[in-house]
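Colleague: Sending over work-v5.cif (mmCIF, C-alpha atoms).
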data_data
loop_
_atom_site.label_atom_id
_atom_site.label_comp_id
_atom_site.auth_asym_id
_atom_site.auth_seq_id
_atom_site.Cartn_x
_atom_site.Cartn_y
_atom_site.Cartn_z
CA MET A 1 115.88 120.30 103.92
CA ILE A 2 113.65 119.10 106.77
CA ASN A 3 112.00 121.83 108.84
CA ASN A 4 112.21 121.96 112.62
CA ARG A 5 108.65 120.72 113.18
CA LYS A 6 109.26 117.53 111.22
CA VAL A 7 112.60 116.93 112.98
CA PHE A 8 110.81 117.33 116.31
CA SER A 9 108.25 114.69 115.28
CA LEU A 10 110.98 112.27 114.20
CA SER A 11 113.00 112.86 117.36
CA TYR A 12 110.04 112.04 119.58
CA PHE A 13 110.09 108.44 118.39
CA LEU A 14 113.85 107.97 118.29
CA GLY A 15 114.55 108.37 122.01
CA ARG A 16 112.21 105.49 122.82
CA ILE A 17 112.90 102.73 120.32
CA PHE A 18 115.25 100.54 122.40
CA PHE A 19 113.02 100.45 125.47
CA VAL A 20 110.45 97.97 124.17
CA GLY A 21 111.46 94.74 125.87
CA PHE A 22 115.19 95.43 125.90
CA GLY A 23 115.68 98.66 127.84
CA PHE A 24 113.28 98.36 130.75
CA SER A 25 114.02 94.67 131.31
CA LEU A 26 117.77 95.21 131.47
CA LEU A 27 117.44 98.25 133.74
CA ARG A 28 115.22 96.53 136.31
CA LYS A 29 117.51 93.49 136.23
CA LEU A 30 120.54 95.67 136.98
CA VAL A 31 119.24 98.21 139.48
CA GLY A 32 115.72 97.08 140.45
CA ILE A 33 113.56 99.83 141.93
CA ASP A 34 116.42 102.30 141.49
CA SER A 35 115.79 102.13 137.73
CA TRP A 36 114.14 105.54 137.81
CA ILE A 37 117.30 107.07 139.28
CA ALA A 38 119.49 105.48 136.58
CA ALA A 39 116.99 106.64 133.95
CA SER A 40 116.99 110.22 135.25
CA LEU A 41 120.80 110.40 135.39
CA GLY A 42 121.04 108.71 131.98
CA CYS A 43 118.67 111.29 130.53
CA LEU A 44 120.93 114.13 131.71
CA LEU A 45 124.10 112.43 130.47
CA GLY A 46 122.47 111.62 127.14
CA GLY A 47 121.46 115.27 126.76
CA GLY A 48 125.13 116.25 127.00
CA ILE A 49 126.09 113.71 124.34
CA ILE A 50 123.33 114.91 122.01
CA TYR A 51 124.46 118.54 122.54
CA ILE A 52 128.00 117.65 121.43
CA TYR A 53 126.61 115.60 118.55
CA SER A 54 124.44 118.56 117.43
CA LEU A 55 127.51 120.80 117.27
CA LEU A 56 129.58 118.28 115.32
CA ARG A 57 126.89 117.27 112.83
CA LYS A 58 126.84 120.84 111.46
CA LYS A 59 129.88 119.77 109.44
CA VAL A 60 127.75 117.14 107.69
CA ASN A 61 124.11 118.23 107.75
CA GLY A 62 122.81 115.49 105.53
CA ASN A 63 125.66 115.34 103.00
CA LEU A 64 127.88 112.42 103.96
CA LYS A 65 128.83 111.67 100.38
CA ASN A 66 129.77 115.28 99.68
CA LEU A 67 132.13 115.78 102.61
CA GLN A 68 135.35 117.61 101.93
CA GLY A 69 138.76 116.86 103.40
CA ASN A 70 140.37 113.56 104.36
CA LYS A 71 138.90 110.77 102.21
CA PHE A 72 139.76 108.14 104.81
CA ILE A 73 137.64 109.95 107.43
CA LYS A 74 134.86 110.49 104.89
CA TRP A 75 134.57 106.85 103.78
CA SER A 76 135.09 105.55 107.31
CA LEU A 77 132.11 107.64 108.37
CA ILE A 78 130.00 106.47 105.42
CA ILE A 79 130.81 102.78 106.02
CA LEU A 80 130.26 103.10 109.78
CA PHE A 81 126.92 104.83 109.17
CA PHE A 82 125.84 102.04 106.82
CA ILE A 83 126.80 99.30 109.31
CA PHE A 84 125.08 101.19 112.13
CA ASN A 85 121.82 101.42 110.20
CA ILE A 86 121.96 97.75 109.24
CA PHE A 87 122.52 96.85 112.90
CA VAL A 88 119.71 99.08 114.19
CA PHE A 89 117.30 97.86 111.51
CA SER A 90 118.00 94.20 112.33
CA GLN A 91 117.58 94.74 116.09
CA ILE A 92 114.37 96.74 115.76
CA LEU A 93 112.95 94.15 113.37
CA PHE A 94 113.73 91.44 115.93
CA VAL A 95 112.07 93.46 118.71
CA PHE A 96 109.02 94.11 116.51
CA GLN A 97 108.76 90.42 115.66
CA THR A 98 109.13 89.31 119.30
CA PHE A 99 106.70 91.89 120.67
CA ALA A 100 104.04 91.21 118.02
CA SER A 101 104.30 87.43 118.41
CA SER A 102 104.05 87.69 122.20
CA PHE A 103 100.91 89.85 122.41
CA PHE A 104 99.25 90.57 119.06
CA LEU A 105 99.78 87.61 116.71
CA ILE A 106 100.32 84.80 119.19
CA LYS A 107 99.31 81.94 116.90
CA SER A 108 100.90 83.33 113.74
CA PRO A 109 104.12 81.77 112.42
CA ILE A 110 107.26 83.87 112.77
CA TYR A 111 107.84 84.23 109.03
CA TYR A 112 104.34 85.69 108.58
CA ILE A 113 104.64 88.43 111.22
CA THR A 114 107.47 90.39 109.61
CA LEU A 115 106.72 89.44 105.99
CA PRO A 116 105.05 92.78 105.10
CA ILE A 117 107.89 94.84 106.59
CA PRO A 118 110.37 94.70 103.63
CA PHE A 119 107.64 95.72 101.18
CA ILE A 120 106.25 98.52 103.39
CA ILE A 121 109.70 99.96 104.13
CA TYR A 122 110.72 99.70 100.47
CA ARG A 123 107.59 101.59 99.40
CA ILE A 124 107.99 104.31 102.03
CA CYS A 125 111.69 104.83 101.32
CA LYS A 126 110.98 105.03 97.60
CA ASN A 127 109.18 108.32 98.28
CA GLY A 128 112.12 109.75 100.25
CA PHE A 129 112.69 111.13 103.70
CA LYS A 130 110.09 113.89 103.45
CA THR A 131 107.36 111.23 103.31
CA ILE A 132 108.77 109.58 106.44
CA ALA A 133 108.77 112.96 108.19
CA LYS A 134 105.12 113.56 107.22
CA ILE A 135 104.16 110.16 108.63
CA ALA A 136 105.94 111.08 111.86
CA GLU A 137 103.91 114.30 112.06
CA ILE A 138 100.69 112.27 111.78
CA LEU A 139 101.66 109.55 114.26
CA MET A 140 103.21 111.81 116.91
CA PRO A 141 99.98 113.39 118.26
CA ILE A 142 98.30 109.97 118.30
CA SER A 143 101.26 108.53 120.21
CA ILE A 144 101.23 111.40 122.74
CA PHE A 145 97.46 111.01 123.25
CA LEU A 146 97.86 107.28 123.96
CA PHE A 147 100.72 108.04 126.35
CA LEU A 148 98.68 110.63 128.27
CA PHE A 149 95.68 108.31 128.39
CA SER A 150 97.89 105.57 129.85
CA PHE A 151 99.38 108.06 132.32
CA LEU A 152 95.97 109.10 133.63
CA GLY A 153 94.54 105.58 133.56
CA MET A 154 97.31 104.15 135.74
CA PHE A 155 97.49 107.00 138.22
CA GLN A 156 95.04 105.34 140.62
CA TYR A 157 97.27 102.23 140.82
CA TRP A 158 100.48 104.16 141.52
CA ASN A 159 101.96 103.48 144.97
CA ILE A 160 104.84 105.58 146.31
CA ASP A 161 105.69 102.89 148.88
CA PHE A 162 107.08 100.74 146.07
CA PHE A 163 110.04 103.14 145.81
CA LYS A 164 111.22 102.54 149.37
CA PRO A 165 113.97 102.12 150.39
CA VAL A 166 115.93 104.29 147.96
CA LEU A 167 119.48 103.72 146.66
CA LEU A 168 119.99 100.09 147.59
CA THR A 169 122.09 99.63 144.45
CA GLU A 170 125.87 99.81 144.61
CA PRO A 171 127.32 102.97 143.01
CA LEU A 172 129.16 101.09 140.22
CA THR A 173 126.01 99.13 139.32
CA LEU A 174 123.95 102.34 139.32
CA LEU A 175 126.58 103.92 137.05
CA GLN A 176 126.32 100.93 134.73
CA GLY A 177 122.55 101.32 134.57
CA THR A 178 122.95 105.05 133.88
CA LEU A 179 125.36 104.40 131.01
CA TYR A 180 123.07 101.71 129.60
CA PHE A 181 120.11 104.09 129.62
CA THR A 182 122.25 106.79 127.99
CA ALA A 183 123.30 104.44 125.18
CA TYR A 184 119.74 103.21 124.59
CA SER A 185 118.22 106.69 124.48
CA SER A 186 120.89 108.73 122.65
CA SER A 187 122.37 106.32 120.08
CA SER A 188 119.23 106.31 117.94
CA PHE A 189 119.63 110.06 117.27
CA PHE A 190 122.67 109.24 115.16
CA LEU A 191 120.19 107.89 112.60
CA LEU A 192 119.57 111.56 111.77
CA LEU A 193 123.18 112.11 110.72
CA ASN A 194 122.28 111.91 107.03
CA VAL A 195 119.21 114.16 107.34
CA PRO A 196 119.54 117.82 106.21
CA MET A 197 117.91 120.07 108.85
CA GLU A 198 117.03 123.75 109.04
CA LYS A 199 118.11 123.84 112.70
CA GLN A 200 120.83 121.68 114.21
CA LYS A 201 119.66 121.78 117.84
CA LEU A 202 118.61 118.32 119.03
CA SER A 203 119.10 118.46 122.81
CA GLY A 204 115.63 119.82 123.58
CA LYS A 205 114.03 117.26 121.29
CA TYR A 206 116.03 114.50 122.98
CA PHE A 207 114.86 115.57 126.44
CA PHE A 208 111.22 115.73 125.34
CA SER A 209 111.39 112.18 123.99
CA THR A 210 113.44 110.71 126.81
CA ILE A 211 111.42 112.29 129.63
CA THR A 212 108.46 110.19 128.48
CA VAL A 213 110.66 107.12 128.96
CA VAL A 214 111.68 108.25 132.46
CA ILE A 215 108.02 108.82 133.38
CA LEU A 216 107.13 105.39 132.04
CA CYS A 217 109.97 103.86 134.06
CA ILE A 218 108.64 105.53 137.22
CA TYR A 219 105.15 104.25 136.49
CA ILE A 220 106.33 100.69 135.91
CA ILE A 221 107.84 100.62 139.39
CA GLY A 222 104.98 102.50 141.03
CA VAL A 223 102.26 100.32 139.50
CA LEU A 224 103.84 96.85 139.47
CA GLY A 225 106.10 97.07 142.50
CA PRO A 226 109.60 95.64 143.14
CA ASN A 227 108.59 91.98 142.83
CA LEU A 228 106.55 92.00 139.63
CA ILE A 229 109.05 94.11 137.69
CA GLN A 230 111.54 91.27 138.16
CA ILE A 231 109.15 88.69 136.72
CA TYR A 232 107.72 90.20 133.53
CA ARG A 233 109.65 90.21 130.26
CA TYR A 234 107.58 93.20 129.07
CA PRO A 235 106.69 95.08 132.26
CA GLU A 236 105.61 98.13 130.24
CA TYR A 237 102.89 96.05 128.57
CA MET A 238 101.79 94.10 131.65
CA MET A 239 101.32 97.38 133.51
CA LEU A 240 98.71 98.50 130.97
CA LYS A 241 96.55 95.46 131.73
CA LYS A 242 95.38 97.24 134.88
CA ILE A 243 93.64 99.97 132.91
CA LYS A 244 89.89 99.66 132.45
CA ILE A 245 87.43 102.08 130.86
CA PHE A 246 84.31 102.68 132.98
CA ASN A 247 85.42 99.70 135.12
CA PHE A 248 84.10 97.16 132.62
CA ILE A 249 85.83 97.72 129.27
CA GLU A 250 89.03 95.68 129.43
CA LYS A 251 91.81 94.60 127.06
CA VAL A 252 92.62 98.21 126.17
CA GLU A 253 96.35 97.48 126.53
CA ASN A 254 96.56 96.34 122.90
CA ILE A 255 95.35 99.74 121.72
CA LEU A 256 97.52 101.72 124.13
CA SER A 257 100.64 99.75 123.23
CA LEU A 258 100.31 100.84 119.61
CA THR A 259 102.48 103.79 120.59
CA TRP A 260 105.46 101.41 120.89
CA LEU A 261 104.71 99.91 117.48
CA PHE A 262 104.76 103.47 116.12
CA ASP A 263 108.24 103.91 117.65
CA LEU A 264 109.52 100.73 116.03
CA PHE A 265 107.91 101.50 112.68
CA MET A 266 109.46 104.98 112.50
CA ALA A 267 112.88 103.59 113.44
CA LEU A 268 112.64 100.98 110.67
CA SER A 269 111.63 103.66 108.17
CA ILE A 270 114.47 106.04 109.07
CA ALA A 271 117.12 103.30 109.18
CA GLY A 272 115.79 101.82 105.94
CA ASN A 273 116.01 105.15 104.15
CA ASN A 274 119.57 105.67 105.43
CA ILE A 275 120.56 102.25 104.12
CA LYS A 276 119.12 103.11 100.73
CA GLU A 277 120.85 106.51 100.57
CA SER A 278 124.18 104.89 101.48
CA LEU A 279 124.04 102.68 98.39
CA PRO A 280 125.41 103.64 94.95
CA LYS A 281 122.82 105.20 92.65
CA LYS A 282 123.25 102.51 90.01
CA ARG A 283 120.66 99.77 90.66
CA GLN A 284 120.03 101.30 94.06
CA ASN A 285 116.44 100.09 94.38
CA ILE A 286 117.30 96.49 93.49
CA ILE A 287 120.21 96.30 95.93
CA PHE A 288 118.10 97.95 98.63
CA PHE A 289 115.27 95.45 98.23
CA ILE A 290 117.73 92.53 98.36
CA ILE A 291 119.14 93.92 101.63
CA LEU A 292 115.63 94.22 103.09
CA ILE A 293 114.87 90.61 102.19
CA ALA A 294 118.17 89.48 103.72
CA LEU A 295 117.33 91.36 106.93
CA TYR A 296 113.88 89.74 106.91
CA PHE A 297 115.42 86.26 106.83
CA GLY A 298 117.87 87.37 109.51
CA ALA A 299 114.92 88.25 111.76
CA ILE A 300 113.41 84.81 111.16
CA LEU A 301 116.68 83.14 112.18
CA SER A 302 116.82 85.35 115.26
CA GLY A 303 113.34 84.16 116.19
CA ILE A 304 114.30 80.51 115.71
CA TYR A 305 117.50 80.89 117.74
CA TYR A 306 115.83 83.14 120.31
CA GLN A 307 118.03 82.14 123.25
CA GLU A 308 121.21 82.83 121.31
CA GLU A 309 119.85 86.21 120.22
CA LEU A 310 119.26 87.15 123.86
CA ILE A 311 123.04 87.10 124.37
CA LEU A 312 123.08 90.36 122.42
CA TYR A 313 120.44 91.65 124.82
CA HIS A 314 123.14 92.06 127.47
CA VAL A 315 125.76 93.67 125.23
CA LEU A 316 123.46 95.81 123.06
CA PRO A 317 124.02 99.05 125.04
CA ILE A 318 127.79 98.47 124.86
CA VAL A 319 127.60 98.05 121.08
CA LEU A 320 125.40 101.14 120.71
CA GLY A 321 127.71 103.17 122.95
CA SER A 322 130.71 102.08 120.89
CA PHE A 323 129.00 103.30 117.73
CA GLU A 324 128.38 106.67 119.39
CA ILE A 325 132.01 107.09 120.41
CA LEU A 326 133.25 106.21 116.90
CA PHE A 327 130.79 108.62 115.28
CA LEU A 328 131.82 111.48 117.56
CA LEU A 329 135.52 110.82 116.98
CA LEU A 330 135.13 110.77 113.19
CA LEU A 331 132.97 113.90 113.23
CA LEU A 332 135.55 115.64 115.37
CA PHE A 333 138.22 115.19 112.69
CA ILE A 334 136.08 116.52 109.85
CA PRO A 335 137.15 120.08 109.01
CA LYS A 336 134.63 122.90 109.36
CA LYS A 337 133.14 124.44 106.27
CA LYS A 338 134.57 127.78 105.20
CA ASN A 339 131.26 129.59 105.65
CA GLU A 340 131.26 128.54 109.31
#
When written as structure tokens, how does the structure in this file appear?
Modeller:
Amino acid sequence: MINNRKVFSLSYFLGRIFFVGFGFSLLRKLVGIDSWIAASLGCLLGGGIIYIYSLLRKKVNGNLKNLQGNKFIKWSLIILFFIFNIFVFSQILFVFQTFASSFFLIKSPIYYITLPIPFIIYRICKNGFKTIAKIAEILMPISIFLFLFSFLGMFQYWNIDFFKPVLLTEPLTLLQGTLYFTAYSSSSFFLLLNVPMEKQKLSGKYFFSTITVVILCIYIIGVLGPNLIQIYRYPEYMMLKKIKIFNFIEKVENILSLTWLFDLFMALSIAGNNIKESLPKKRQNIIFFIILIALYFGAILSGIYYQEELILYHVLPIVLGSFEILFLLLLLFIPKKKNE
């Protein structure tokens, strides 16, 4: 059973994982400087989804394999959860690989960048979910400190004139951006479906995590302006290049952007542990390691066929939203426990 403090630490990272490269770029492409409006509305809508999800997951609470009732619903949920974790793991690994190769390990070959990941995730998951939760407790205050430092460091470059005029986007396009933000921010919380918790309430944790994304979205527009946000593939990283310490220490963006690597690392750890727990106990570790290696080679192929992989970039929120709907429908048909 994971206590509320550890769940809070895990949740902080989950609401942010799909906004490195994917989320912000797609939002600004759809709605431009109205991205902050779509993000704010998406945050509210996502909170409603997470509230419903919190109520329904009480029927499971970390025991997918021990569910009572209709076996078809039970195994459909288990198989869907396994596929969902495989999908999330592969996408986050691709994002990690792309982000690291673009800014940190520019001259390193693709196969080298993600090579340690299968071994690190295997080792962490071998110790169970409590170890992952403890790591989240350690990384969370560091991540928040880096976020606050970035917030204060960019304040002098923030320009309110970049937000004018407001609401140039057509209502249907703004709705699309809102739904995309909702899918990006809320879908990752379904990774906690197989985690036993002391308290089931996740809405407040979702808002805490997602509000940091909304603030970051506002800062991207306010610092870079309407023209530059349309140019950069990683506007959230390029924005940090403006920060200097004492007006002469530069290149601090690599340190500040570690917070996004923390997000990706925690997502890989949680999804990896879920994949492992979904496997049969017999030869579980061997099968799990083989899956990690297969996902590693999948990330390499994604890097080689980068343009083809970007096709998924446009449909990713639709896929994530579809997973959410299926999860909620299956959870709805699971009978309540007698003690409830």
Colleague: Looking at only C-alpha atoms, which of A:Ile300, A:Leu41, A:Met154, A:Ile255 is the one that sits closest to Ile221 of chain A?
Modeller: A:Met154
Colleague: Excluding segment 174-188 of chain A and any residue of its chain fewer than 4 positions from it, enumerate the residues within 7 Å of it, using all atoms listed in the file, and give them as a list in words.
Modeller: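 The residues that qualify are Leu14, Gly15, Arg16, Phe18, Gly23, Leu27, Leu30, Val31, Ala38, Ala39, Leu41, Gly42, Cys43, Leu45, Gly46, Ile50, Thr169, Glu170, Thr210, Pro317, Leu320, Gly321 and Glu324 of chain A.
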Colleague: Could you list the residues chosen by the PyMOL selection byres ((chain A and resi 203) around 8) in this structure as an MDAnalysis selection string?
Modeller: chainID A and resid 47:48 50:51 54 201:202 204:207
Colleague: Check which residues satisfy the PyMOL selection byres ((chain A and resi 114) around 10) in the file shown, then give them as a PDB file with C-alpha atoms, in the coordinates of the input.
Modeller:
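What ended up in out04.pdb:
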ATOM      1  CA  LEU A  93     112.950  94.150 113.370  1.00  0.00           C
ATOM      2  CA  PHE A  94     113.730  91.440 115.930  1.00  0.00           C
ATOM      3  CA  PHE A  96     109.020  94.110 116.510  1.00  0.00           C
ATOM      4  CA  GLN A  97     108.760  90.420 115.660  1.00  0.00           C
ATOM      5  CA  THR A  98     109.130  89.310 119.300  1.00  0.00           C
ATOM      6  CA  ALA A 100     104.040  91.210 118.020  1.00  0.00           C
ATOM      7  CA  SER A 101     104.300  87.430 118.410  1.00  0.00           C
ATOM      8  CA  PRO A 109     104.120  81.770 112.420  1.00  0.00           C
ATOM      9  CA  ILE A 110     107.260  83.870 112.770  1.00  0.00           C
ATOM     10  CA  TYR A 111     107.840  84.230 109.030  1.00  0.00           C
ATOM     11  CA  TYR A 112     104.340  85.690 108.580  1.00  0.00           C
ATOM     12  CA  ILE A 113     104.640  88.430 111.220  1.00  0.00           C
ATOM     13  CA  LEU A 115     106.720  89.440 105.990  1.00  0.00           C
ATOM     14  CA  PRO A 116     105.050  92.780 105.100  1.00  0.00           C
ATOM     15  CA  ILE A 117     107.890  94.840 106.590  1.00  0.00           C
ATOM     16  CA  PRO A 118     110.370  94.700 103.630  1.00  0.00           C
ATOM     17  CA  PHE A 119     107.640  95.720 101.180  1.00  0.00           C
ATOM     18  CA  TYR A 296     113.880  89.740 106.910  1.00  0.00           C
ATOM     19  CA  PHE A 297     115.420  86.260 106.830  1.00  0.00           C
ATOM     20  CA  ALA A 299     114.920  88.250 111.760  1.00  0.00           C
ATOM     21  CA  ILE A 300     113.410  84.810 111.160  1.00  0.00           C
TER      22      ILE A 300
END
Colleague: Excluding Gly32 of chain A and any residue of its chain fewer than 5 positions from it, enumerate the residues within 12 Å of it, using all atoms listed in the file, and give them as an NGL selection string.
Modeller: :A and (24-27 or 37-39 or 162-170 or 173-174 or 177 or 217-218 or 220-221 or 224-231)
Colleague: Starting from the PyMOL selection byres ((chain A and resi 266-268) around 8), expand the selection into actual residues of this file and give them as a PyMOL selection string.
Modeller: chain A and resi 10+13-14+17+89+92-93+121+132+136+262-265+269-272
Colleague: Write out, as a PDB file, in the frame of the given file, the residues just selected, with C-alpha atoms.
Modeller:
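What follows is the written file selection.pdb:
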ATOM      1  CA  LEU A  10     110.980 112.270 114.200  1.00  0.00           C
ATOM      2  CA  PHE A  13     110.090 108.440 118.390  1.00  0.00           C
ATOM      3  CA  LEU A  14     113.850 107.970 118.290  1.00  0.00           C
ATOM      4  CA  ILE A  17     112.900 102.730 120.320  1.00  0.00           C
ATOM      5  CA  PHE A  89     117.300  97.860 111.510  1.00  0.00           C
ATOM      6  CA  ILE A  92     114.370  96.740 115.760  1.00  0.00           C
ATOM      7  CA  LEU A  93     112.950  94.150 113.370  1.00  0.00           C
ATOM      8  CA  ILE A 121     109.700  99.960 104.130  1.00  0.00           C
ATOM      9  CA  ILE A 132     108.770 109.580 106.440  1.00  0.00           C
ATOM     10  CA  ALA A 136     105.940 111.080 111.860  1.00  0.00           C
ATOM     11  CA  PHE A 262     104.760 103.470 116.120  1.00  0.00           C
ATOM     12  CA  ASP A 263     108.240 103.910 117.650  1.00  0.00           C
ATOM     13  CA  LEU A 264     109.520 100.730 116.030  1.00  0.00           C
ATOM     14  CA  PHE A 265     107.910 101.500 112.680  1.00  0.00           C
ATOM     15  CA  SER A 269     111.630 103.660 108.170  1.00  0.00           C
ATOM     16  CA  ILE A 270     114.470 106.040 109.070  1.00  0.00           C
ATOM     17  CA  ALA A 271     117.120 103.300 109.180  1.00  0.00           C
ATOM     18  CA  GLY A 272     115.790 101.820 105.940  1.00  0.00           C
TER      19      GLY A 272
END
Colleague: What is the distance, in Å and to one decimal place, between atom CA of Thr212 of chain A and atom CA of Gln91 of chain A?
Modeller: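 Calculated distance between atom CA of Thr212 of chain A and atom CA of Gln91 of chain A is 21.8 Å.
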Colleague: Counting all atoms listed in the file, which residues in segment 223-330 of chain A sit no more than 9 Å from segment 66-82 of chain A? For each one, give the nearest pair of atoms and the distance in Å, sorted by chain then residue number, as a tab-separated table.
Modeller:
residue	atom	partner	partner_atom	distance
A:Asn274	CA	A:Phe82	CA	7.4
A:Ile275	CA	A:Phe82	CA	5.9
A:Ser278	CA	A:Phe82	CA	6.3
A:Leu279	CA	A:Phe82	CA	8.6
A:Phe323	CA	A:Leu80	CA	8.1
A:Leu326	CA	A:Leu80	CA	8.3
A:Phe327	CA	A:Leu77	CA	7.1
A:Leu330	CA	A:Ile73	CA	6.3
Colleague: Expressed in Å to a single decimal, how great is the separation between atom CA of Leu44 of chain A and atom CA of Trp158 of chain A?
Modeller: 24.8 Å
Colleague: Just checking: using only C-alpha atoms, which residue out of A:Lys241, A:Lys276, A:Arg283, A:Lys65 ends up closest to Ser150 of chain A?
Modeller: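 Distance minimum relative to Ser150 of chain A lands on A:Lys241.
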Colleague: Which residues are close to Val223 of chain A, i.e. within 7 Å by only C-alpha atoms, leaving aside same-chain residues fewer than 5 positions away? Reply as an mmCIF file with C-alpha atoms, in the frame of the given file.
Modeller:
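out.cif, freshly written:
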data_model
loop_
_atom_site.group_PDB
_atom_site.id
_atom_site.type_symbol
_atom_site.label_atom_id
_atom_site.label_comp_id
_atom_site.auth_asym_id
_atom_site.auth_seq_id
_atom_site.Cartn_x
_atom_site.Cartn_y
_atom_site.Cartn_z
ATOM 1 C CA TYR A 157 97.270 102.230 140.820
ATOM 2 C CA TRP A 158 100.480 104.160 141.520
ATOM 3 C CA ASN A 159 101.960 103.480 144.970
ATOM 4 C CA MET A 239 101.320 97.380 133.510
#
Colleague: Between A:Leu152, A:Val319, A:Val214, A:Pro196, which residue has the minimum interatomic distance to Lys242 of chain A, considering all atoms listed in the file?
Modeller: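 Nearest to Lys242 of chain A: A:Leu152.
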Colleague: Restricting the calculation to only C-alpha atoms, which member of A:Pro335, A:Thr131, A:Leu55, A:Met197 is positioned closest to Arg5 of chain A?
Modeller: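 Counting only C-alpha atoms, the residue closest to Arg5 of chain A is A:Met197.
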